[in-house]
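> File final_18.csv follows (CSV, C-alpha atoms):
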chain,number,residue,atom,x,y,z
G,1,MET,CA,163.3,133.0,66.5
G,2,ASN,CA,162.3,130.4,64.1
G,3,PRO,CA,159.5,128.2,65.3
G,4,GLU,CA,160.1,124.5,65.8
G,5,PRO,CA,159.6,122.5,62.6
G,6,ASN,CA,156.4,120.5,62.5
G,7,ARG,CA,156.9,117.0,63.7
G,8,GLU,CA,154.8,114.0,62.9
G,9,PRO,CA,153.1,112.7,66.1
G,10,HIS,CA,154.1,109.2,65.2
G,11,ALA,CA,152.5,107.6,68.2
G,12,GLN,CA,149.1,109.1,67.4
G,13,THR,CA,149.1,108.9,63.6
G,14,SER,CA,150.2,105.3,63.2
G,15,PRO,CA,147.5,103.4,61.4
G,16,GLU,CA,145.2,101.3,63.4
G,17,PRO,CA,146.1,97.6,63.2
G,18,HIS,CA,143.8,95.9,60.7
G,19,THR,CA,142.8,93.0,62.9
G,20,ALA,CA,140.2,91.8,60.5
G,21,SER,CA,142.8,91.3,57.8
G,22,HIS,CA,144.9,89.2,60.1
G,23,THR,CA,142.1,87.0,61.5
G,24,ALA,CA,142.7,83.4,60.8
G,25,PRO,CA,140.2,81.8,58.5
G,26,ASN,CA,137.6,79.5,60.0
G,27,PRO,CA,139.1,76.0,60.2
G,28,GLU,CA,137.7,73.4,57.9
G,29,PRO,CA,135.3,71.0,59.7
G,30,PRO,CA,136.9,67.7,60.5
G,31,VAL,CA,136.6,65.0,58.0
G,32,VAL,CA,134.5,62.1,59.2
G,33,ARG,CA,136.4,58.8,58.9
G,34,VAL,CA,134.3,55.9,57.9
G,35,LEU,CA,134.9,52.1,58.1
G,36,LEU,CA,132.9,49.9,55.7
G,37,ALA,CA,131.8,46.5,57.0
G,38,ASP,CA,130.1,44.3,54.3
G,39,ASP,CA,130.8,40.9,53.0
G,40,HIS,CA,129.9,42.0,49.4
G,41,ALA,CA,132.8,43.7,47.7
G,42,LEU,CA,130.5,45.4,45.2
G,43,ALA,CA,128.4,46.9,48.0
G,44,ARG,CA,131.6,48.2,49.7
G,45,LYS,CA,132.7,49.7,46.4
G,46,GLY,CA,129.4,51.5,45.9
G,47,PHE,CA,129.4,52.9,49.5
G,48,ARG,CA,133.0,54.1,49.1
G,49,LEU,CA,132.2,55.9,45.8
G,50,MET,CA,129.3,57.7,47.5
G,51,LEU,CA,131.1,58.6,50.7
G,52,ASP,CA,134.5,59.6,49.2
G,53,ALA,CA,132.7,62.0,46.9
G,54,GLN,CA,131.8,64.1,49.9
G,55,PRO,CA,134.3,66.7,51.1
G,56,ASP,CA,133.5,66.0,54.8
G,57,LEU,CA,133.6,62.2,54.6
G,58,THR,CA,136.4,59.7,53.8
G,59,VAL,CA,136.5,55.9,53.8
G,60,VAL,CA,139.6,54.7,55.8
G,61,GLY,CA,139.1,51.0,55.6
G,62,GLU,CA,137.0,48.0,54.5
G,63,ALA,CA,136.0,44.8,56.4
G,64,ALA,CA,134.6,41.7,54.8
G,65,ASP,CA,133.2,40.2,58.0
G,66,GLY,CA,132.4,41.1,61.6
G,67,ALA,CA,135.7,40.0,63.1
G,68,GLN,CA,137.7,42.1,60.6
G,69,ALA,CA,135.4,45.0,61.4
G,70,VAL,CA,136.2,44.8,65.1
G,71,GLU,CA,140.0,44.5,64.4
G,72,LEU,CA,140.0,47.4,62.0
G,73,SER,CA,138.0,49.5,64.4
G,74,ARG,CA,140.7,49.0,67.0
G,75,THR,CA,143.6,49.8,64.6
G,76,LEU,CA,142.0,52.6,62.6
G,77,ALA,CA,139.7,54.2,65.2
G,78,PRO,CA,137.1,55.4,62.7
G,79,ASP,CA,134.5,57.9,63.6
G,80,VAL,CA,131.7,55.8,62.1
G,81,VAL,CA,131.4,52.2,61.1
G,82,LEU,CA,128.9,51.4,58.4
G,83,MET,CA,127.9,47.9,59.5
G,84,ASP,CA,126.0,45.3,57.5
G,85,LEU,CA,124.1,43.1,59.9
G,86,HIS,CA,124.2,39.9,57.8
G,87,MET,CA,127.8,38.7,57.4
G,88,PRO,CA,129.3,35.2,57.7
G,89,GLY,CA,131.2,34.3,60.9
G,90,LEU,CA,130.9,37.1,63.4
G,91,ASP,CA,127.7,38.9,62.2
G,92,GLY,CA,127.1,42.6,62.3
G,93,VAL,CA,125.2,42.5,65.6
G,94,ALA,CA,128.0,40.7,67.5
G,95,ALA,CA,130.6,43.0,65.9
G,96,THR,CA,128.6,46.1,66.9
G,97,GLU,CA,128.4,44.9,70.5
G,98,ALA,CA,132.1,44.3,70.6
G,99,ILE,CA,133.0,47.7,69.0
G,100,THR,CA,130.6,49.8,71.2
G,101,ALA,CA,131.7,48.0,74.4
G,102,GLU,CA,135.4,48.5,73.7
G,103,LEU,CA,135.5,51.7,71.7
G,104,PRO,CA,132.7,54.0,73.0
G,105,GLY,CA,134.0,56.9,70.7
G,106,VAL,CA,133.2,54.9,67.6
G,107,ARG,CA,129.6,55.3,66.3
G,108,VAL,CA,127.9,52.4,64.4
G,109,LEU,CA,125.3,52.8,61.7
G,110,ALA,CA,123.7,49.5,61.0
G,111,LEU,CA,122.4,48.4,57.5
G,112,SER,CA,119.9,45.8,56.8
G,113,THR,CA,118.3,44.4,53.7
G,114,PHE,CA,114.9,44.8,55.3
G,115,ASP,CA,113.9,47.7,57.5
G,116,LEU,CA,111.6,45.5,59.6
G,117,ASP,CA,114.1,42.9,60.7
G,118,GLU,CA,114.5,41.6,64.2
G,119,ASN,CA,118.2,41.8,63.8
G,120,VAL,CA,117.9,45.6,63.6
G,121,VAL,CA,116.5,45.7,67.1
G,122,ALA,CA,119.3,43.4,68.2
G,123,ALA,CA,121.8,45.9,66.7
G,124,LEU,CA,120.2,48.8,68.6
G,125,ARG,CA,120.4,46.8,71.8
G,126,ALA,CA,124.1,46.0,71.0
G,127,GLY,CA,124.8,49.8,70.8
G,128,ALA,CA,124.2,50.8,67.2
G,129,ASP,CA,123.4,54.5,66.8
G,130,GLY,CA,120.8,53.9,64.1
G,131,PHE,CA,120.0,51.8,61.1
G,132,LEU,CA,119.0,52.2,57.5
G,133,PRO,CA,117.7,49.8,54.9
G,134,LYS,CA,120.4,49.0,52.3
G,135,ASP,CA,118.4,50.4,49.4
G,136,VAL,CA,118.3,53.9,50.8
G,137,SER,CA,119.2,56.7,48.4
G,138,PRO,CA,122.8,58.0,48.4
G,139,GLU,CA,121.6,61.2,50.0
G,140,GLU,CA,119.9,59.3,52.9
G,141,LEU,CA,123.0,57.2,53.5
G,142,ILE,CA,125.4,60.2,53.5
G,143,GLU,CA,123.1,62.1,55.8
G,144,GLY,CA,122.8,59.0,58.1
G,145,VAL,CA,126.6,58.9,58.5
G,146,ARG,CA,126.7,62.6,59.4
G,147,VAL,CA,123.8,62.3,61.8
G,148,VAL,CA,125.3,59.4,63.9
G,149,HIS,CA,128.7,61.2,63.9
G,150,ARG,CA,126.9,64.2,65.5
G,151,GLY,CA,125.8,61.9,68.3
G,152,GLU,CA,122.2,61.5,67.1
G,153,SER,CA,120.2,58.5,66.1
G,154,ALA,CA,119.8,58.0,62.4
G,155,VAL,CA,116.4,56.5,62.6
G,156,ALA,CA,113.2,58.4,61.9
G,157,PRO,CA,111.3,58.4,65.3
G,158,ARG,CA,108.0,57.1,63.9
G,159,LEU,CA,109.8,54.3,61.9
G,160,LEU,CA,111.7,53.4,65.0
G,161,THR,CA,108.5,53.2,67.0
G,162,ARG,CA,106.8,51.0,64.4
G,163,LEU,CA,109.9,48.7,64.4
G,164,ILE,CA,110.1,48.3,68.1
G,165,GLY,CA,106.4,47.9,68.4
G,166,THR,CA,106.6,45.0,66.0
G,167,PHE,CA,109.5,43.1,67.5
G,168,VAL,CA,109.9,44.1,71.1
G,169,ARG,CA,107.3,42.6,73.5
G,170,ALA,CA,107.0,44.4,76.8
G,171,ALA,CA,107.8,42.2,79.7
G,172,ARG,CA,104.9,41.3,81.9
G,173,PRO,CA,104.9,43.8,84.8
G,174,ARG,CA,105.8,42.3,88.2
G,175,ALA,CA,103.4,42.5,91.0
G,176,GLY,CA,103.3,45.9,92.6
G,177,ARG,CA,105.1,47.6,89.7
G,178,ALA,CA,102.4,47.7,87.1
G,179,ASP,CA,101.6,51.4,87.8
G,180,HIS,CA,105.2,52.4,88.4
G,181,PRO,CA,107.5,51.3,85.5
G,182,LEU,CA,111.1,52.5,85.7
G,183,PRO,CA,110.9,53.7,89.4
G,184,GLY,CA,114.2,55.6,89.1
G,185,LEU,CA,112.5,58.2,86.9
G,186,THR,CA,110.5,61.2,88.1
G,187,GLU,CA,106.9,61.6,86.9
G,188,ARG,CA,108.0,64.2,84.4
G,189,GLU,CA,110.9,62.1,83.2
G,190,ARG,CA,108.6,59.1,82.7
G,191,GLU,CA,106.2,61.3,80.8
G,192,ILE,CA,109.0,62.5,78.5
G,193,LEU,CA,110.2,58.9,77.9
G,194,LEU,CA,106.7,58.0,77.0
G,195,LEU,CA,106.6,60.8,74.4
G,196,ILE,CA,110.0,59.8,73.0
G,197,ALA,CA,108.6,56.2,72.6
G,198,ARG,CA,105.7,57.6,70.7
G,199,GLY,CA,108.0,59.3,68.2
G,200,ARG,CA,107.9,62.9,69.5
G,201,SER,CA,110.9,65.1,68.8
G,202,ASN,CA,112.2,67.5,71.5
G,203,SER,CA,110.4,70.4,70.0
G,204,GLU,CA,107.1,68.5,69.8
G,205,ILE,CA,107.5,67.4,73.5
G,206,ALA,CA,108.2,71.1,74.5
G,207,ASP,CA,105.0,72.2,72.7
G,208,GLU,CA,102.9,69.4,74.2
G,209,LEU,CA,104.1,70.0,77.8
G,210,ALA,CA,104.3,73.8,77.4
G,211,VAL,CA,107.9,74.0,78.5
G,212,SER,CA,111.0,75.3,76.8
G,213,PRO,CA,113.1,73.1,74.5
G,214,SER,CA,116.1,73.6,76.7
G,215,THR,CA,114.1,72.1,79.7
G,216,VAL,CA,113.1,69.1,77.6
G,217,LYS,CA,116.7,68.6,76.5
G,218,ASN,CA,117.8,68.6,80.2
G,219,HIS,CA,115.1,66.1,81.1
G,220,VAL,CA,116.1,63.9,78.1
G,221,THR,CA,119.7,63.9,79.2
G,222,SER,CA,118.7,62.9,82.7
G,223,VAL,CA,116.4,60.1,81.4
G,224,PHE,CA,119.2,58.7,79.2
G,225,ALA,CA,121.6,58.7,82.1
G,226,LYS,CA,119.2,57.0,84.5
G,227,ILE,CA,118.1,54.2,82.1
G,228,GLY,CA,121.5,53.7,80.5
G,229,ALA,CA,120.5,54.7,77.0
G,230,ARG,CA,123.0,56.2,74.5
G,231,ASP,CA,120.3,57.7,72.3
G,232,ARG,CA,116.6,57.8,71.5
G,233,ALA,CA,116.8,54.4,69.8
G,234,GLN,CA,117.8,52.6,73.0
G,235,ALA,CA,115.4,54.8,75.0
G,236,VAL,CA,112.5,53.5,73.0
G,237,ILE,CA,113.6,49.9,73.5
G,238,VAL,CA,113.7,50.5,77.3
G,239,ALA,CA,110.3,52.1,77.3
G,240,TYR,CA,108.8,49.1,75.5
G,241,GLU,CA,110.6,46.4,77.5
G,242,ALA,CA,109.6,48.2,80.8
G,243,GLY,CA,105.9,48.1,79.8
G,244,LEU,CA,105.7,51.9,79.7
G,245,ILE,CA,104.2,51.6,76.3
G,246,ARG,CA,102.9,48.7,74.2
G,247,PRO,CA,102.7,48.1,70.5
G,248,GLY,CA,99.9,50.3,69.0
G,249,ALA,CA,99.6,52.4,72.2
When written as structure tokens, how does the structure in this file appear?


Amino acid sequence: MNPEPNREPHAQTSPEPHTASHTAPNPEPPVVRVLLADDHALARKGFRLMLDAQPDLTVVGEAADGAQAVELSRTLAPDVVLMDLHMPGLDGVAATEAITAELPGVRVLALSTFDLDENVVAALRAGADGFLPKDVSPEELIEGVRVVHRGESAVAPRLLTRLIGTFVRAARPRAGRADHPLPGLTEREREILLLIARGRSNSEIADELAVSPSTVKNHVTSVFAKIGARDRAQAVIVAYEAGLIRPGA
């Protein structure tokens, strides 16, 4: 009796699926859409050339004044508005306030001819996510746009502290509140806000208080929520105006 012919055990010898070869490639990071607001056409052209040369940035529109910046922000919904503070008609501060109030998803990076300018503080109060002097290097400008798009403040902490210390004068504490500014904060939150106002980063705060960076991050989030600050820039302003810290302190 002849033996059964050898049969291929198909179910067992089929090649393993090569999942790695079918894995979808990592998606490209989203391109940051930027609106330029500056009354000088030459300045807008220079900014456009710098930003459009980057693979992750693109200029979607240009505004020659604040009113046009507000209108184009509504229609184009850019990720970031590069906002000159000094424009005729509706200036950059008023335009920033209108944009951030109506379009909270749009980030504003303010530009000023002088880095020590009281209008910069006004822009931060209006909701700008940072500011840069207009003569910054192309690398600094490009990185500033990326930083504010990530939801961070594009202002060096120590530069911000110097600026706020120059132009923001702490309100005189009311009777009975001198020792307890910002009563809605816990003692630890008040301590962390004070360190933010002195220009400390989260990692520096963690080292100084001997806690983990994640703990500091949680406290910072709570502080921002309680004082109504969008970022570190506005938190520093609140600290100065509440009298928690004074210029030079």

> Determine, counting all atoms listed in the file, which protein, DNA and RNA residues have an atom within 8 Å of an atom of G:Phe131; residues of the same chain fewer than 4 positions away are not included. Present the result as a list in words.

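The contact residues come out as Leu109, Ala110, Leu111, Ser112, Val120, Ala154 and Val155 of chain G.
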
> Name all residues at most 12 Å from G:Ala98 (count only C-alpha atoms; drop same-chain ones fewer than 2 positions away) and give them as a ChimeraX atom specification.

/G:66-71,73-74,90-96,100-104,106,108,123,126-128

> Near G:Arg232, within 10 Å and counting only C-alpha atoms, which residues show up once chain neighbours fewer than 2 positions away are dropped, as a PyMOL selection string?

chain G and resi 129-130+152-155+157+160+193+196-197+199+201+220+224+229-230+234-238

> Using all atoms listed in the file, which of the listed residues (G:Ile227, G:Met83, G:Leu182, G:Ile205) sits closest to G:Ala242?

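For G:Ala242, the nearest of the given residues is G:Leu182.
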
> Atom CA of G:Pro183 and atom CA of G:Thr215 are how many Å apart?

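Atom-to-atom, atom CA of G:Pro183 and atom CA of G:Thr215 are spaced 21.0 Å apart.
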
> Can you find the residues with an atom no farther than 7 Å from (130.7, 40.3, 58.1), counting all atoms listed in the file, and report them as number ranges by chain?

G: 37-39, 64-66, 84, 86-92

> Mind checking which residues fall within 7 Å of G:Arg107, counting all atoms listed in the file, ignoring those fewer than 2 positions away in the same chain, and posting them as a ChimeraX atom specification?

/G:79-81,105,109,129,148-149

> Have a look at G:Pro30, G:Gly228, G:Pro55, G:Gly243 and name the one nearest to G:Ile142; count all atoms listed in the file.

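With all atoms listed in the file as the atom set, the closest residue is G:Pro55.
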
> Could you tell me which of G:Ala43, G:Val34, G:Val121, G:Ala53 comes closest to G:Lys134 if we count all atoms listed in the file?

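Nearest candidate to G:Lys134 out of G:Ala43, G:Val34, G:Val121, G:Ala53: G:Ala43.
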
> Can you tell me how far atom CA of G:Ala225 sits from atom CA of G:Gly151, in Å to one decimal?

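Taking atom CA of G:Ala225 as the start and atom CA of G:Gly151 as the end point, the length is 14.8 Å.
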
> Identify which of the residues G:Ser212, G:Ser137, G:Thr75, G:Asn202 lies closest to G:Gly61, counting only C-alpha atoms when measuring atom-to-atom distances.

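Closest to G:Gly61, using only C-alpha atoms: G:Thr75.
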
> Record the distance separating atom CA of G:Arg48 and atom CA of G:Arg33, expressed in Å with one decimal.

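Separation between atom CA of G:Arg48 and atom CA of G:Arg33: 11.4 Å.
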
> At a cut-off of 12 Å, using all atoms listed in the file, what residues contact G:Asp135? Leave out same-chain residues fewer than 5 positions from it and give the result as a ChimeraX atom specification.

/G:43,46-47,111-115,140-141

> For G:Val147, which residue out of G:Asp231, G:Leu42, G:Val59, G:Ser214 is the nearest one, using all atoms listed in the file?

G:Asp231
